[in-house]
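Source file structure03.txt; content: compact mmCIF, C-alpha atoms.
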```txt
# COMPACT_ATOMS: atom_id res chain seq x y z
CA MET S 28 0.00 0.00 0.00
CA TYR S 29 1.27 3.46 -0.89
CA ASN S 30 1.10 6.23 1.71
CA PRO S 31 0.34 9.46 -0.20
CA GLU S 32 1.05 11.50 2.94
CA LEU S 33 4.77 10.78 2.39
CA ASN S 34 4.76 12.00 -1.22
CA THR S 35 6.75 15.13 -2.06
CA PRO S 36 4.29 18.02 -2.55
CA LYS S 37 3.82 19.27 -6.10
CA ALA S 38 4.77 22.83 -5.13
CA GLU S 39 8.08 21.52 -3.80
CA LEU S 40 8.84 19.65 -7.03
CA ASP S 41 7.80 22.67 -9.12
CA ARG S 42 10.23 24.91 -7.23
CA ARG S 43 13.14 22.51 -7.70
CA ILE S 44 12.44 22.02 -11.40
CA GLU S 45 12.11 25.76 -11.93
CA GLU S 46 15.51 26.35 -10.35
CA LEU S 47 17.12 23.82 -12.67
CA GLN S 48 15.32 25.30 -15.67
CA HIS S 49 16.70 28.75 -14.82
CA TYR S 50 20.19 27.27 -14.93
CA LEU S 51 19.49 25.56 -18.26
CA GLN S 52 18.21 28.81 -19.76
CA ARG S 53 21.15 30.88 -18.53
CA ASN S 54 23.63 28.37 -19.94
CA GLU S 55 21.85 27.63 -23.22
CA VAL S 56 21.25 23.97 -22.40
CA ASP S 57 18.08 22.74 -24.10
CA ALA S 58 17.19 20.06 -21.56
CA ALA S 59 18.36 17.92 -18.68
CA LEU S 60 17.98 14.15 -18.53
CA ILE S 61 17.92 13.05 -14.89
CA LEU S 62 19.02 9.46 -14.35
CA GLN S 63 20.78 9.14 -10.98
CA ARG S 64 18.33 7.66 -8.52
CA VAL S 65 18.56 10.28 -5.76
CA ASP S 66 18.40 13.18 -8.22
CA LEU S 67 15.41 11.46 -9.83
CA PHE S 68 13.69 11.35 -6.45
CA TYR S 69 14.59 14.97 -5.73
CA PHE S 70 13.06 16.29 -8.96
CA SER S 71 10.20 13.82 -9.47
CA GLY S 72 9.27 12.47 -6.02
CA THR S 73 9.73 8.84 -7.08
CA ILE S 74 12.72 6.53 -7.16
CA GLN S 75 11.21 4.07 -9.61
CA GLN S 76 13.29 3.27 -12.69
CA GLY S 77 12.93 5.97 -15.27
CA ASN S 78 14.27 8.94 -17.19
CA LEU S 79 13.15 12.42 -16.21
CA TYR S 80 13.37 14.85 -19.12
CA ILE S 81 13.36 18.48 -18.00
CA PRO S 82 13.30 20.96 -20.90
CA ALA S 83 14.69 24.45 -20.38
CA ARG S 84 11.12 25.67 -20.78
CA GLY S 85 7.88 23.79 -20.37
CA GLU S 86 6.64 20.77 -18.48
CA PRO S 87 8.95 17.89 -17.54
CA LEU S 88 8.29 14.40 -18.84
CA LEU S 89 8.86 11.32 -16.68
CA MET S 90 9.43 8.21 -18.76
CA ALA S 91 8.92 5.44 -16.21
CA ASN S 92 9.94 1.83 -16.50
CA LYS S 93 9.71 -0.28 -13.33
CA SER S 94 7.36 0.37 -11.71
CA SER S 95 5.41 2.87 -13.77
CA GLU S 96 2.34 2.23 -11.61
CA ARG S 97 4.23 3.24 -8.46
CA ALA S 98 5.75 6.22 -10.25
CA ARG S 99 2.27 7.56 -10.99
CA ALA S 100 1.18 6.96 -7.40
CA GLU S 101 4.25 8.64 -5.89
CA SER S 102 5.09 11.49 -8.25
CA ALA S 103 3.30 14.81 -8.68
CA ILE S 104 4.77 15.17 -12.19
CA SER S 105 1.76 15.65 -14.47
CA ARG S 106 3.23 14.06 -17.60
CA ILE S 107 4.24 10.43 -16.99
CA VAL S 108 4.48 7.85 -19.78
CA ASN S 109 5.59 4.23 -19.93
CA LEU S 110 9.12 3.48 -21.11
CA ASP S 111 9.65 -0.12 -22.16
CA SER S 112 13.17 0.49 -23.48
CA PRO S 113 15.65 3.40 -23.31
CA LYS S 114 16.07 3.00 -27.07
CA ARG S 115 12.61 4.53 -27.46
CA ILE S 116 13.37 7.77 -25.62
CA SER S 117 13.82 9.81 -28.81
CA ASP S 118 10.58 8.42 -30.26
CA ILE S 119 8.68 9.21 -27.07
CA LEU S 120 9.99 12.77 -27.01
CA ASN S 121 8.84 13.26 -30.60
CA THR S 122 5.45 11.73 -29.87
CA GLU S 123 4.99 13.93 -26.78
CA GLY S 124 5.90 17.08 -28.69
CA TYR S 125 9.41 17.72 -27.34
CA PRO S 126 12.00 18.84 -29.92
CA LEU S 127 15.21 16.85 -29.71
CA PRO S 128 17.88 18.83 -27.82
CA ARG S 129 21.01 20.28 -29.36
CA ARG S 130 22.65 20.53 -25.92
CA ILE S 131 21.57 18.10 -23.23
CA GLY S 132 22.67 18.02 -19.60
CA LEU S 133 23.59 14.79 -17.81
CA GLU S 134 24.90 13.91 -14.34
CA LEU S 135 28.39 13.09 -15.58
CA ASP S 136 29.84 12.86 -12.05
CA VAL S 137 28.01 9.56 -11.48
CA LEU S 138 26.81 8.33 -14.89
CA PRO S 139 28.50 5.01 -15.80
CA THR S 140 30.52 5.13 -19.01
CA ASN S 141 28.45 2.43 -20.70
CA LEU S 142 25.27 4.40 -20.07
CA TYR S 143 26.92 7.56 -21.33
CA PHE S 144 27.68 5.82 -24.64
CA THR S 145 24.10 4.51 -24.76
CA TYR S 146 22.70 8.03 -24.52
CA ARG S 147 25.36 9.24 -26.93
CA LYS S 148 23.77 6.94 -29.52
CA LEU S 149 20.25 8.03 -28.60
CA PHE S 150 21.13 11.70 -29.13
CA PRO S 151 23.84 11.53 -31.85
CA ASP S 152 23.49 15.17 -32.86
CA ALA S 153 23.42 16.62 -29.35
CA GLU S 154 26.29 18.04 -27.31
CA MET S 155 26.34 16.43 -23.87
CA VAL S 156 27.29 18.68 -20.97
CA ASP S 157 27.77 18.03 -17.26
CA ILE S 158 25.04 19.45 -15.03
CA SER S 159 26.02 17.61 -11.85
CA LEU S 160 27.44 20.74 -10.19
CA PRO S 161 24.31 22.91 -10.58
CA ILE S 162 22.14 20.02 -9.44
CA ARG S 163 24.23 19.58 -6.30
CA MET S 164 24.16 23.32 -5.64
CA ILE S 165 20.37 23.41 -5.96
CA ARG S 166 20.10 20.48 -3.58
CA ALA S 167 22.54 22.08 -1.11
CA VAL S 168 20.06 24.76 0.01
CA LYS S 169 17.12 23.12 1.68
CA SER S 170 13.51 24.29 1.70
CA GLU S 171 11.45 24.51 4.86
CA TYR S 172 9.79 21.25 3.77
CA GLU S 173 13.16 19.50 3.69
CA ILE S 174 14.42 21.12 6.88
CA ASP S 175 11.32 19.92 8.73
CA ILE S 176 11.94 16.31 7.68
CA ILE S 177 15.62 16.54 8.70
CA ARG S 178 14.54 17.93 12.10
CA GLN S 179 12.36 14.86 12.52
CA ALA S 180 15.26 12.61 11.56
CA ALA S 181 17.45 14.38 14.14
CA ALA S 182 14.81 13.79 16.81
CA PHE S 183 14.96 10.09 15.97
CA SER S 184 18.78 10.28 16.20
CA ASP S 185 18.39 11.54 19.76
CA ARG S 186 16.04 8.68 20.62
CA ILE S 187 18.44 6.09 19.24
CA ALA S 188 21.34 7.62 21.19
CA GLY S 189 19.14 7.36 24.25
CA SER S 190 18.77 3.61 23.72
CA VAL S 191 22.52 2.91 23.84
CA ALA S 192 22.76 3.00 27.64
CA ASP S 193 20.08 0.30 27.92
CA VAL S 194 22.01 -2.00 25.58
CA LEU S 195 25.70 -1.44 26.26
CA ARG S 196 27.33 -4.01 28.56
CA GLU S 197 30.91 -5.08 29.19
CA GLY S 198 31.99 -8.07 27.14
CA MET S 199 29.44 -7.57 24.36
CA SER S 200 30.92 -7.36 20.88
CA GLU S 201 30.62 -4.17 18.87
CA LEU S 202 28.49 -6.05 16.35
CA GLU S 203 26.04 -7.26 18.99
CA VAL S 204 25.55 -3.77 20.40
CA ALA S 205 25.24 -2.35 16.88
CA GLY S 206 22.61 -4.91 15.94
CA ARG S 207 20.46 -4.09 18.95
CA VAL S 208 20.74 -0.34 18.41
CA GLU S 209 19.97 -0.73 14.71
CA ALA S 210 16.87 -2.78 15.56
CA GLU S 211 15.60 0.15 17.62
CA ALA S 212 16.24 2.48 14.69
CA ARG S 213 14.30 0.22 12.37
CA LYS S 214 11.36 0.18 14.77
CA LEU S 215 11.25 3.98 14.61
CA GLY S 216 11.06 3.94 10.83
CA HIS S 217 14.68 4.09 9.71
CA GLN S 218 14.51 3.41 5.97
CA GLY S 219 17.45 0.98 6.16
CA ILE S 220 19.44 2.60 3.35
CA VAL S 221 22.03 5.37 3.80
CA ARG S 222 22.94 6.80 0.43
CA MET S 223 26.25 8.34 -0.67
CA ARG S 224 27.11 9.96 -3.99
CA LEU S 225 30.87 9.44 -4.06
CA TRP S 226 31.75 6.51 -6.30
CA GLY S 227 32.69 3.43 -4.29
CA SER S 228 31.40 4.81 -0.99
CA GLU S 229 28.82 2.96 1.06
CA MET S 230 27.55 2.79 4.61
CA PHE S 231 25.17 0.67 6.67
CA TYR S 232 23.41 2.77 9.33
CA GLY S 233 26.73 4.07 10.70
CA HIS S 234 29.56 3.10 13.04
CA LEU S 235 29.54 1.70 16.55
CA MET S 236 33.12 1.08 17.66
CA ALA S 237 34.91 0.95 20.99
CA GLY S 238 38.40 1.83 22.20
CA PRO S 239 41.26 1.12 19.77
CA SER S 240 38.85 -0.24 17.12
CA ALA S 241 37.39 3.20 16.50
CA ALA S 242 40.84 4.56 15.65
CA VAL S 243 41.51 1.93 12.97
CA PRO S 244 41.59 3.74 9.59
CA SER S 245 39.62 2.60 6.56
CA PHE S 246 38.95 3.44 2.92
CA LEU S 247 35.91 5.54 3.83
CA SER S 248 36.16 9.31 3.56
CA SER S 249 35.69 9.67 7.31
CA PRO S 250 37.92 10.51 10.29
CA THR S 251 37.01 7.13 11.79
CA GLY S 252 36.97 3.71 10.20
CA GLY S 253 36.82 0.61 12.33
CA SER S 254 37.87 -2.96 11.67
CA GLY S 255 34.46 -4.06 10.43
CA ALA S 256 33.14 -7.60 10.23
CA SER S 257 35.68 -8.59 7.53
CA PRO S 258 38.07 -7.14 4.92
CA ALA S 259 35.13 -7.19 2.50
CA VAL S 260 33.52 -4.43 4.58
CA ALA S 261 36.53 -2.89 6.34
CA GLN S 262 34.57 -0.30 8.33
CA GLY S 263 32.28 -0.07 11.32
CA ALA S 264 31.59 -2.54 14.08
CA GLY S 265 33.66 -5.69 14.48
CA TYR S 266 33.95 -8.66 16.80
CA ARG S 267 36.02 -6.99 19.51
CA ALA S 268 34.53 -7.15 23.02
CA ILE S 269 33.74 -3.82 24.66
CA ARG S 270 35.68 -3.06 27.82
CA ARG S 271 35.33 -0.68 30.72
CA HIS S 272 36.91 2.78 30.75
CA GLU S 273 37.19 3.12 26.99
CA PRO S 274 35.25 5.48 24.69
CA VAL S 275 32.48 3.84 22.68
CA LEU S 276 31.77 5.83 19.51
CA PHE S 277 28.14 5.85 18.44
CA ASP S 278 28.19 7.55 15.00
CA TYR S 279 24.90 6.86 13.25
CA VAL S 280 22.82 8.26 10.43
CA PHE S 281 19.06 8.25 10.87
CA ALA S 282 17.33 8.04 7.49
CA TYR S 283 13.71 9.16 7.53
CA ASN S 284 11.51 9.65 4.47
CA GLY S 285 14.63 9.91 2.35
CA TYR S 286 16.40 12.55 4.46
CA LEU S 287 19.31 12.05 6.82
CA SER S 288 20.53 13.19 10.23
CA ASP S 289 24.19 12.49 11.10
CA HIS S 290 24.77 12.15 14.83
CA ALA S 291 27.74 11.01 16.95
CA ARG S 292 28.04 10.62 20.71
CA ILE S 293 30.56 9.00 23.05
CA PHE S 294 29.57 6.48 25.73
CA SER S 295 31.69 4.62 28.28
CA LEU S 296 31.34 1.95 30.95
CA GLY S 297 32.96 3.89 33.75
CA GLN S 298 34.95 7.07 33.27
CA VAL S 299 37.45 7.28 30.41
CA PRO S 300 41.07 8.36 31.08
CA ALA S 301 41.59 12.08 31.72
CA GLU S 302 43.52 12.48 28.46
CA LEU S 303 40.49 11.45 26.42
CA LEU S 304 38.04 13.35 28.62
CA GLU S 305 40.00 16.57 28.08
CA ALA S 306 40.22 15.98 24.34
CA HIS S 307 36.46 15.48 24.16
CA ALA S 308 35.90 18.78 25.95
CA ALA S 309 38.17 20.46 23.39
CA MET S 310 36.13 19.03 20.50
CA LEU S 311 32.96 20.42 22.07
CA ALA S 312 34.64 23.81 22.37
CA ILE S 313 35.57 23.69 18.67
CA GLN S 314 31.97 22.84 17.81
CA GLU S 315 30.76 25.95 19.68
CA VAL S 316 33.29 28.17 17.90
CA ILE S 317 32.30 26.86 14.47
CA LYS S 318 28.61 27.42 15.24
CA THR S 319 29.25 31.15 15.40
CA VAL S 320 31.75 31.25 12.50
CA ALA S 321 29.69 29.32 9.93
CA ARG S 322 27.41 32.07 8.63
CA PRO S 323 26.10 32.98 5.18
CA GLY S 324 28.85 34.48 3.03
CA VAL S 325 31.72 32.75 4.85
CA THR S 326 33.64 30.27 2.69
CA ALA S 327 33.66 26.61 3.65
CA GLY S 328 37.45 26.63 3.59
CA ALA S 329 37.61 29.51 6.07
CA VAL S 330 35.45 27.54 8.50
CA TYR S 331 37.81 24.58 8.22
CA GLU S 332 40.83 26.80 8.87
CA GLN S 333 39.19 28.22 12.00
CA ALA S 334 38.55 24.71 13.31
CA CYS S 335 42.15 23.64 12.67
CA ALA S 336 43.45 26.79 14.36
CA LYS S 337 41.40 26.04 17.49
CA ALA S 338 42.55 22.39 17.50
CA ASP S 339 46.16 23.62 17.34
CA GLU S 340 45.50 26.14 20.10
CA PHE S 341 44.09 23.41 22.33
CA GLY S 342 47.08 21.16 21.61
CA TYR S 343 45.33 18.56 19.44
CA ALA S 344 46.80 19.31 16.01
CA ASP S 345 48.28 15.79 15.81
CA HIS S 346 44.95 14.12 16.60
CA PHE S 347 42.37 16.33 14.92
CA MET S 348 40.27 14.49 12.31
CA GLY S 349 42.71 11.59 12.19
CA ALA S 350 46.15 10.63 13.43
CA ALA S 351 49.03 12.74 12.14
CA GLY S 352 50.02 11.78 8.62
CA LYS S 353 48.84 11.77 5.04
CA GLU S 354 45.67 9.73 5.79
CA ARG S 355 44.14 12.50 7.91
CA ILE S 356 40.77 13.73 6.67
CA ARG S 357 40.93 17.38 5.54
CA PHE S 358 37.41 18.41 6.50
CA ILE S 359 35.43 19.01 9.69
CA GLY S 360 31.91 18.87 8.30
CA HIS S 361 29.83 18.08 5.25
CA GLY S 362 26.47 18.87 3.77
CA ILE S 363 23.76 16.30 4.27
CA GLY S 364 20.26 15.74 2.93
CA LEU S 365 19.16 12.84 0.74
CA GLU S 366 22.80 11.72 0.68
CA VAL S 367 25.52 11.80 3.33
CA ASP S 368 28.04 13.62 1.14
CA GLU S 369 26.23 16.70 -0.13
CA PHE S 370 27.51 20.26 -0.58
CA PRO S 371 28.99 22.13 1.21
CA PHE S 372 32.16 20.42 2.44
CA LEU S 373 33.87 22.31 5.28
CA ALA S 374 37.22 21.34 3.84
CA MET S 375 40.66 22.67 3.09
CA GLY S 376 40.67 25.19 0.27
CA GLN S 377 36.92 25.13 -0.39
CA LYS S 378 35.80 28.52 -1.74
CA LEU S 379 32.08 27.79 -1.76
CA GLU S 380 30.25 30.39 0.35
CA LEU S 381 27.72 29.17 2.89
CA GLN S 382 24.07 30.08 2.37
CA ALA S 383 21.14 30.16 4.75
CA GLY S 384 19.26 26.87 4.54
CA MET S 385 22.29 24.69 3.95
CA ILE S 386 22.37 21.64 6.23
CA ILE S 387 25.76 20.72 7.69
CA ALA S 388 26.86 17.74 9.75
CA LEU S 389 29.66 19.18 11.88
CA GLU S 390 31.98 16.52 13.33
CA PRO S 391 35.10 17.67 15.21
CA LYS S 392 36.78 14.49 16.42
CA ALA S 393 40.13 13.55 17.98
CA ILE S 394 41.69 10.21 17.11
CA PHE S 395 44.17 8.47 19.43
CA PRO S 396 45.62 5.31 17.80
CA GLY S 397 45.59 2.41 20.21
CA LYS S 398 43.25 4.24 22.61
CA GLY S 399 40.12 5.40 20.85
CA VAL S 400 38.12 8.30 19.47
CA VAL S 401 36.36 11.19 21.17
CA GLY S 402 34.37 14.07 19.75
CA ILE S 403 30.95 14.95 18.51
CA GLU S 404 28.73 15.18 15.45
CA ASN S 405 25.52 17.12 15.09
CA THR S 406 23.35 18.12 12.16
CA HIS S 407 22.80 21.88 11.82
CA VAL S 408 21.10 24.38 9.55
CA VAL S 409 22.93 27.54 8.45
CA THR S 410 21.16 30.69 9.64
CA THR S 411 22.07 34.38 9.67
CA ASP S 412 23.20 33.90 13.28
CA GLY S 413 25.36 30.85 12.57
CA LEU S 414 24.60 27.14 12.91
CA GLU S 415 21.39 26.01 14.58
CA GLN S 416 21.86 22.55 16.09
CA PHE S 417 19.05 20.03 15.68
CA GLY S 418 20.13 17.27 18.08
CA THR S 419 19.43 17.74 21.79
CA PHE S 420 20.95 14.58 23.30
CA PRO S 421 23.78 15.72 25.69
CA ASP S 422 27.07 16.31 23.88
CA GLU S 423 29.18 15.26 26.88
CA ILE S 424 30.43 11.68 27.29
CA THR S 425 27.64 9.53 28.73
CA VAL S 426 29.12 7.42 31.52
CA ILE S 427 27.18 4.24 32.29
```
Take the structure in the file and write it out as structure tokens.
Amino acid sequence: MYNPELNTPKAELDRRIEELQHYLQRNEVDAALILQRVDLFYFSGTIQQGNLYIPARGEPLLMANKSSERARAESAISRIVNLDSPKRISDILNTEGYPLPRRIGLELDVLPTNLYFTYRKLFPDAEMVDISLPIRMIRAVKSEYEIDIIRQAAAFSDRIAGSVADVLREGMSELEVAGRVEAEARKLGHQGIVRMRLWGSEMFYGHLMAGPSAAVPSFLSSPTGGSGASPAVAQGAGYRAIRRHEPVLFDYVFAYNGYLSDHARIFSLGQVPAELLEAHAAMLAIQEVIKTVARPGVTAGAVYEQACAKADEFGYADHFMGAAGKERIRFIGHGIGLEVDEFPFLAMGQKLELQAGMIIALEPKAIFPGKGVVGIENTHVVTTDGLEQFGTFPDEITVI
């Protein structure tokens, strides 16, 4: 059964499409063909297989494959037709009264090469241009509709963090604790999928890791990695038993109605060593500084530099966002929405200026190889006064 109450409102889709059409008009691109699944959901309200054709002017056309019935039930797009084969796209456009484009925009940051060549054959006379950057910029600034859903996701993040103390016991493996926490998330409506745009990146709910395990690096573009269940995963919870007086990192994404909240807290069975306690307090202090610095008009790179300067001032330059060395992550926060890795990235050298309505997961963390990880992550919205934090679960280490 479909729940129409969860459908994206037509006015919301119209606004998004209009923004993309303005870009197409300014840059003399005749149309955009939206293929990537999350972008398809963003502009059409459905994630069913299909091709969304957005002309620079006029109504969009959703050519739906599997399931076209669900696409019609979920999407507020007025023109939806069946697509039995991508080879018929040109014919359908002609039949529906759309002139074939001379310049067509595609999401070339994620489009597989084989598919690119397929569409090259379908539009042999068209110039194909990359529209991934404008799409990501449009998605970076959230509407009140989106912000409200992310607030709800953050409230669920708080509730899941609140369940950790009831589950965590000495001697339990990281995987066992993770499984019980993830079951609670599922009960609350976690969609079970955490999406990322970066090629080769993937995540399952998040990371629950204790002591030295949390400081084990991995391939993931994250300050923390974890041993994972096997080399085939190489991130997140593993089989190590949780011990007393070590930091337990709970770094989870709550995914609700498509949108994400990124949320990290530290727990411990008994107090952690003073060295780690002091480092955690420093990370909280950096978070508070960045909340006031990250305002509209400030570049993302400048925010990162401020965070690094404070980490150096507090004496944690060799631990901030990774152990000292070339594998350290060069960011302290990232945009988040339908995907974990959205614009903006609060990263070294980033010249993108923050705008009101951007959603940022801010995550100052200190990594101590052989000992563990401390720090924080909260999801925020950029306002004229700085960052407004959504999560309300205490930022301090929760001692059980």
Residue nearest Lys318 in chain S among S:Leu389, S:Ala242, S:Ala338, S:Met375 (counting only C-alpha atoms) =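 With only C-alpha atoms as the atom set, the closest residue is S:Leu389.
Going from CA of Asp66 in chain S to CA of Gly324 in chain S covers 26.3 Å.
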message = Need to verify the contact set: Arg42 in chain S, 12 Å, all atoms listed in the file, exclusion of same-chain residues closer than 4 positions in sequence. Can you return it as a PyMOL selection string?
response = chain S and resi 35-38+46-49+69-71+165-166+169-170+172
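CA of Ile427 in chain S lies 21.7 Å from CA of Phe395 in chain S.
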ask   = What separation in Å, quoted to one decimal, exists between CA of Lys93 in chain S and CA of Ala58 in chain S?
value = 23.2 Å
Give me the residues within 7 Å of Thr319 in chain S as an mmCIF file with C-alpha atoms, in the frame of the given file, counting all atoms listed in the file and dropping any in the same chain fewer than 5 places off.
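Final file, selection.cif:
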```cif
data_model
loop_
_atom_site.group_PDB
_atom_site.id
_atom_site.type_symbol
_atom_site.label_atom_id
_atom_site.label_comp_id
_atom_site.auth_asym_id
_atom_site.auth_seq_id
_atom_site.Cartn_x
_atom_site.Cartn_y
_atom_site.Cartn_z
ATOM 1 C CA ASP S 412 23.200 33.900 13.280
ATOM 2 C CA GLY S 413 25.360 30.850 12.570
ATOM 3 C CA LEU S 414 24.600 27.140 12.910
#
```
Mind checking which residues fall within 12 Å of Asn30 in chain S, counting only C-alpha atoms, ignoring those fewer than 4 positions away in the same chain, and posting them as a tab-separated table (two decimals) with C-alpha atoms, in the coordinates of the input?
```tsv
chain	number	residue	atom	x	y	z
S	34	ASN	CA	4.76	12.00	-1.22
S	35	THR	CA	6.75	15.13	-2.06
S	97	ARG	CA	4.23	3.24	-8.46
S	100	ALA	CA	1.18	6.96	-7.40
S	101	GLU	CA	4.25	8.64	-5.89
S	102	SER	CA	5.09	11.49	-8.25
S	284	ASN	CA	11.51	9.65	4.47
```
remark   = Shortest contact to Arg163 in chain S, candidates S:Glu32, S:Glu404, S:Asp136, S:Glu45, atoms counted only C-alpha atoms, goes to S:Asp136
request  = Write out as a PyMOL selection string the residues lying within 12 Å of Arg207 in chain S, counting only C-alpha atoms and excluding same-chain residues fewer than 3 positions away.
outcome  = chain S and resi 187-188+190-196+199-204+210-214+235
request  = Compile the contact shell of Glu366 in chain S as JSON, numbers by chain: residues with an atom at most 8 Å away, counting only C-alpha atoms, same-chain residues fewer than 4 positions apart removed.
outcome  = {"S": [65, 221, 222, 223, 224, 286, 287]}
ask   = Of the candidates S:Ser105, S:Arg355, S:Arg53, S:Tyr146, which one gets nearest to Ser245 in chain S if we count all atoms listed in the file?
value = S:Arg355
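For the choices S:Tyr50, S:Tyr125, S:Tyr279, S:Tyr80, the atom-to-atom distance to Leu160 in chain S is smallest for S:Tyr50 when using all atoms listed in the file.
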task = Step by step: start from the point (33.5, 29.8, 15.9) in the file's coordinates, keep every protein, DNA or RNA residue that has an atom no farther than 10 Å from it, count all atoms listed in the file, and write the set as a list in words.
result =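 Those within range, by chain then number, are Ala312, Ile313, Gln314, Glu315, Val316, Ile317, Lys318, Thr319, Val320, Ala321, Arg322, Val330, Gln333, Ala334, Lys337, Gly413 and Leu414 of chain S.
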Can you put N, CA and C atoms back into range 299-317 of chain S and show it as a short mmCIF file (atom, residue, chain, number, x, y, z; two decimals), in the frame of the given file?
```
data_model
loop_
_atom_site.label_atom_id
_atom_site.label_comp_id
_atom_site.auth_asym_id
_atom_site.auth_seq_id
_atom_site.Cartn_x
_atom_site.Cartn_y
_atom_site.Cartn_z
N VAL S 299 36.30 7.48 31.29
CA VAL S 299 37.45 7.28 30.41
C VAL S 299 38.66 8.01 31.01
N PRO S 300 39.88 7.68 30.57
CA PRO S 300 41.07 8.36 31.08
C PRO S 300 40.99 9.88 30.87
N ALA S 301 41.64 10.61 31.74
CA ALA S 301 41.59 12.08 31.72
C ALA S 301 42.03 12.64 30.38
N GLU S 302 43.02 12.01 29.75
CA GLU S 302 43.52 12.48 28.46
C GLU S 302 42.41 12.54 27.42
N LEU S 303 41.58 11.51 27.39
CA LEU S 303 40.49 11.45 26.42
C LEU S 303 39.35 12.36 26.83
N LEU S 304 39.10 12.47 28.12
CA LEU S 304 38.04 13.35 28.62
C LEU S 304 38.35 14.80 28.25
N GLU S 305 39.60 15.20 28.41
CA GLU S 305 40.00 16.57 28.08
C GLU S 305 39.92 16.82 26.58
N ALA S 306 40.30 15.83 25.79
CA ALA S 306 40.22 15.98 24.34
C ALA S 306 38.77 16.12 23.88
N HIS S 307 37.88 15.37 24.51
CA HIS S 307 36.46 15.48 24.16
C HIS S 307 35.95 16.89 24.45
N ALA S 308 36.32 17.43 25.60
CA ALA S 308 35.90 18.78 25.95
C ALA S 308 36.41 19.79 24.92
N ALA S 309 37.62 19.57 24.41
CA ALA S 309 38.17 20.46 23.39
C ALA S 309 37.37 20.37 22.10
N MET S 310 36.93 19.18 21.71
CA MET S 310 36.13 19.03 20.50
C MET S 310 34.78 19.75 20.65
N LEU S 311 34.21 19.69 21.84
CA LEU S 311 32.96 20.42 22.07
C LEU S 311 33.17 21.92 21.96
N ALA S 312 34.32 22.38 22.46
CA ALA S 312 34.64 23.81 22.37
C ALA S 312 34.80 24.23 20.91
N ILE S 313 35.43 23.38 20.10
CA ILE S 313 35.57 23.69 18.67
C ILE S 313 34.20 23.75 18.00
N GLN S 314 33.33 22.82 18.36
CA GLN S 314 31.97 22.84 17.81
C GLN S 314 31.29 24.19 18.10
N GLU S 315 31.42 24.68 19.32
CA GLU S 315 30.76 25.95 19.68
C GLU S 315 31.36 27.12 18.91
N VAL S 316 32.66 27.10 18.68
CA VAL S 316 33.29 28.17 17.90
C VAL S 316 32.76 28.16 16.47
N ILE S 317 32.73 26.98 15.87
CA ILE S 317 32.30 26.86 14.47
C ILE S 317 30.83 27.26 14.32
#
```
